[in-house]
file my_file21.pdb (PDB, C-alpha atoms)
MODEL        1
ATOM      1  CA  MET A 393      11.674  -9.829   0.453  1.00  0.00           C
ATOM      2  CA  MET A 394      12.359  -6.223   1.290  1.00  0.00           C
ATOM      3  CA  ILE A 395       9.888  -3.393   1.891  1.00  0.00           C
ATOM      4  CA  ARG A 396      11.039   0.124   1.019  1.00  0.00           C
ATOM      5  CA  THR A 397       9.008   3.130   2.090  1.00  0.00           C
ATOM      6  CA  ILE A 398       8.987   6.431   0.228  1.00  0.00           C
ATOM      7  CA  LEU A 399       7.252   9.666   1.197  1.00  0.00           C
ATOM      8  CA  LYS A 400       6.034  11.428  -1.940  1.00  0.00           C
ATOM      9  CA  ASP A 401       3.694  14.288  -2.781  1.00  0.00           C
ATOM     10  CA  LEU A 402       0.605  12.471  -4.025  1.00  0.00           C
ATOM     11  CA  PRO A 403      -2.841  13.827  -4.895  1.00  0.00           C
ATOM     12  CA  SER A 404      -4.821  14.643  -1.755  1.00  0.00           C
ATOM     13  CA  GLY A 405      -7.228  11.740  -2.290  1.00  0.00           C
ATOM     14  CA  VAL A 406      -4.440   9.158  -2.464  1.00  0.00           C
ATOM     15  CA  HIS A 407      -3.152   7.977   0.909  1.00  0.00           C
ATOM     16  CA  GLY A 408      -0.628   5.558  -0.550  1.00  0.00           C
ATOM     17  CA  PHE A 409      -0.002   2.504  -2.674  1.00  0.00           C
ATOM     18  CA  THR A 410       2.460  -0.360  -3.068  1.00  0.00           C
ATOM     19  CA  LEU A 411       4.409  -1.623  -6.060  1.00  0.00           C
ATOM     20  CA  LEU A 412       6.020  -5.042  -6.414  1.00  0.00           C
ATOM     21  CA  ASP A 413       9.218  -5.122  -8.453  1.00  0.00           C
ATOM     22  CA  SER A 414      10.618  -7.949 -10.584  1.00  0.00           C
ATOM     23  CA  GLU A 415      12.932  -9.049  -7.752  1.00  0.00           C
ATOM     24  CA  GLY A 416      10.020  -9.668  -5.357  1.00  0.00           C
ATOM     25  CA  ASP A 417      10.625  -6.542  -3.282  1.00  0.00           C
ATOM     26  CA  TYR A 418       7.960  -4.002  -2.412  1.00  0.00           C
ATOM     27  CA  THR A 419       7.942  -0.227  -2.357  1.00  0.00           C
ATOM     28  CA  VAL A 420       5.277   1.467  -0.261  1.00  0.00           C
ATOM     29  CA  PHE A 421       4.569   5.044  -1.310  1.00  0.00           C
ATOM     30  CA  LEU A 422       3.006   7.246   1.370  1.00  0.00           C
ATOM     31  CA  ASN A 423       1.553  10.698   0.806  1.00  0.00           C
ATOM     32  CA  SER A 424       3.871  13.289   2.355  1.00  0.00           C
ATOM     33  CA  ARG A 425       0.894  15.669   2.577  1.00  0.00           C
ATOM     34  CA  GLN A 426      -0.814  13.403   5.127  1.00  0.00           C
ATOM     35  CA  THR A 427      -0.251  13.369   8.876  1.00  0.00           C
ATOM     36  CA  TRP A 428       2.138  10.930  10.510  1.00  0.00           C
ATOM     37  CA  GLU A 429      -0.854   9.119  12.037  1.00  0.00           C
ATOM     38  CA  MET A 430      -2.571   8.734   8.652  1.00  0.00           C
ATOM     39  CA  ASN A 431       0.662   7.527   7.061  1.00  0.00           C
ATOM     40  CA  MET A 432       1.064   4.905   9.788  1.00  0.00           C
ATOM     41  CA  LYS A 433      -2.519   3.725   9.199  1.00  0.00           C
ATOM     42  CA  THR A 434      -1.868   3.625   5.447  1.00  0.00           C
ATOM     43  CA  TYR A 435       1.432   1.772   5.941  1.00  0.00           C
ATOM     44  CA  ARG A 436      -0.275  -0.912   8.051  1.00  0.00           C
ATOM     45  CA  HIS A 437      -2.967  -1.224   5.370  1.00  0.00           C
ATOM     46  CA  GLU A 438      -0.372  -1.641   2.625  1.00  0.00           C
ATOM     47  CA  VAL A 439       1.463  -4.275   4.682  1.00  0.00           C
ATOM     48  CA  GLN A 440      -1.839  -6.190   4.880  1.00  0.00           C
ATOM     49  CA  HIS A 441      -1.836  -6.256   1.073  1.00  0.00           C
ATOM     50  CA  ILE A 442       1.744  -7.549   1.086  1.00  0.00           C
ATOM     51  CA  GLU A 443       1.087 -10.200   3.750  1.00  0.00           C
ATOM     52  CA  GLY A 444      -2.080 -11.264   1.912  1.00  0.00           C
ATOM     53  CA  ASN A 445      -0.113 -11.714  -1.337  1.00  0.00           C
ATOM     54  CA  ASP A 446      -2.600  -9.379  -2.991  1.00  0.00           C
ATOM     55  CA  HIS A 447      -0.121  -8.394  -5.705  1.00  0.00           C
ATOM     56  CA  GLN A 448      -0.163 -11.940  -7.052  1.00  0.00           C
ATOM     57  CA  LYS A 449      -3.968 -12.201  -7.141  1.00  0.00           C
ATOM     58  CA  THR A 450      -6.064 -11.676 -10.245  1.00  0.00           C
ATOM     59  CA  LEU A 451      -8.832  -9.796  -8.397  1.00  0.00           C
ATOM     60  CA  SER A 452      -9.412  -6.172  -9.319  1.00  0.00           C
ATOM     61  CA  ALA A 453      -7.886  -3.451  -7.155  1.00  0.00           C
ATOM     62  CA  ASP A 454     -11.411  -2.400  -6.121  1.00  0.00           C
ATOM     63  CA  MET A 455     -12.212  -5.930  -4.934  1.00  0.00           C
ATOM     64  CA  LEU A 456      -8.925  -6.219  -3.034  1.00  0.00           C
ATOM     65  CA  GLU A 457      -9.643  -2.907  -1.298  1.00  0.00           C
ATOM     66  CA  ARG A 458     -13.110  -4.110  -0.279  1.00  0.00           C
ATOM     67  CA  ILE A 459     -11.580  -7.255   1.181  1.00  0.00           C
ATOM     68  CA  ARG A 460      -8.898  -5.323   3.108  1.00  0.00           C
ATOM     69  CA  HIS A 461     -11.408  -2.829   4.492  1.00  0.00           C
ATOM     70  CA  GLU A 462     -13.518  -5.703   5.848  1.00  0.00           C
ATOM     71  CA  ASP A 463     -10.583  -6.839   8.042  1.00  0.00           C
TER      72      ASP A 463
ENDMDL
END
call {"tool": "encode", "arguments": {"input": "my_file21.pdb", "output": "structure tokens"}}
result
Amino acid sequence: MMIRTILKDLPSGVHGFTLLDSEGDYTVFLNSRQTWEMNMKTYRHEVQHIEGNDHQKTLSADMLERIRHED
């Protein structure tokens, strides 16, 4: 498993997100409009999704976010 990280101009309300490709590798997109500190917080959050195997779960994205924000 590999994790790529890409800085990209995203809408101001989007801190970041992660995509899983067909090879089992992840790409974390971080909002280049955010501060370094916010991007680090977002990166750690996205890694929690990866470590929790959230991309293989059938729960809704909203439910997964609620679970991650409880941690």
call {"tool": "closest_residue", "arguments": {"input": "my_file21.pdb", "among": "A:Thr450, A:Thr397, A:Leu456, A:Ser404", "to": "Thr427 of chain A", "atoms": "all atoms listed in the file"}}
result
A:Ser404
call {"tool": "residues_around", "arguments": {"input": "my_file21.pdb", "residues": "Gln426 of chain A", "least_positions_apart": "6", "cutoff": "10 Å", "atoms": "all atoms listed in the file", "output": "count of residues only"}}
result
10
call {"tool": "resolve_selection", "arguments": {"input": "my_file21.pdb", "expression": "the PyMOL selection byres ((chain A and resi 411) around 12)", "output": "VMD selection string"}}
result
chain A and resid 394 to 398 408 to 410 412 to 422 438 to 439 441 to 442 446 to 448
call {"tool": "atom_distance", "arguments": {"input": "my_file21.pdb", "atom1": "atom CA of Glu429 of chain A", "atom2": "atom CA of Glu443 of chain A"}}
result
21.1 Å
call {"tool": "atom_distance", "arguments": {"input": "my_file21.pdb", "atom1": "atom CA of Trp428 of chain A", "atom2": "atom CA of Asn445 of chain A"}}
result
25.7 Å
call {"tool": "atom_distance", "arguments": {"input": "my_file21.pdb", "atom1": "atom CA of Ser424 of chain A", "atom2": "atom CA of Lys400 of chain A"}}
result
5.2 Å
call {"tool": "residues_around", "arguments": {"input": "my_file21.pdb", "residues": "Ile459 of chain A", "least_positions_apart": "6", "cutoff": "12 Å", "atoms": "all atoms listed in the file", "output": "list in words"}}
result
His437, Gln440, His441, Gly444, Asp446, Leu451, Ser452 and Ala453 of chain A
call {"tool": "closest_residue", "arguments": {"input": "my_file21.pdb", "among": "A:Arg458, A:Arg425, A:Lys433, A:Lys449", "to": "Pro403 of chain A", "atoms": "only C-alpha atoms"}}
result
A:Arg425
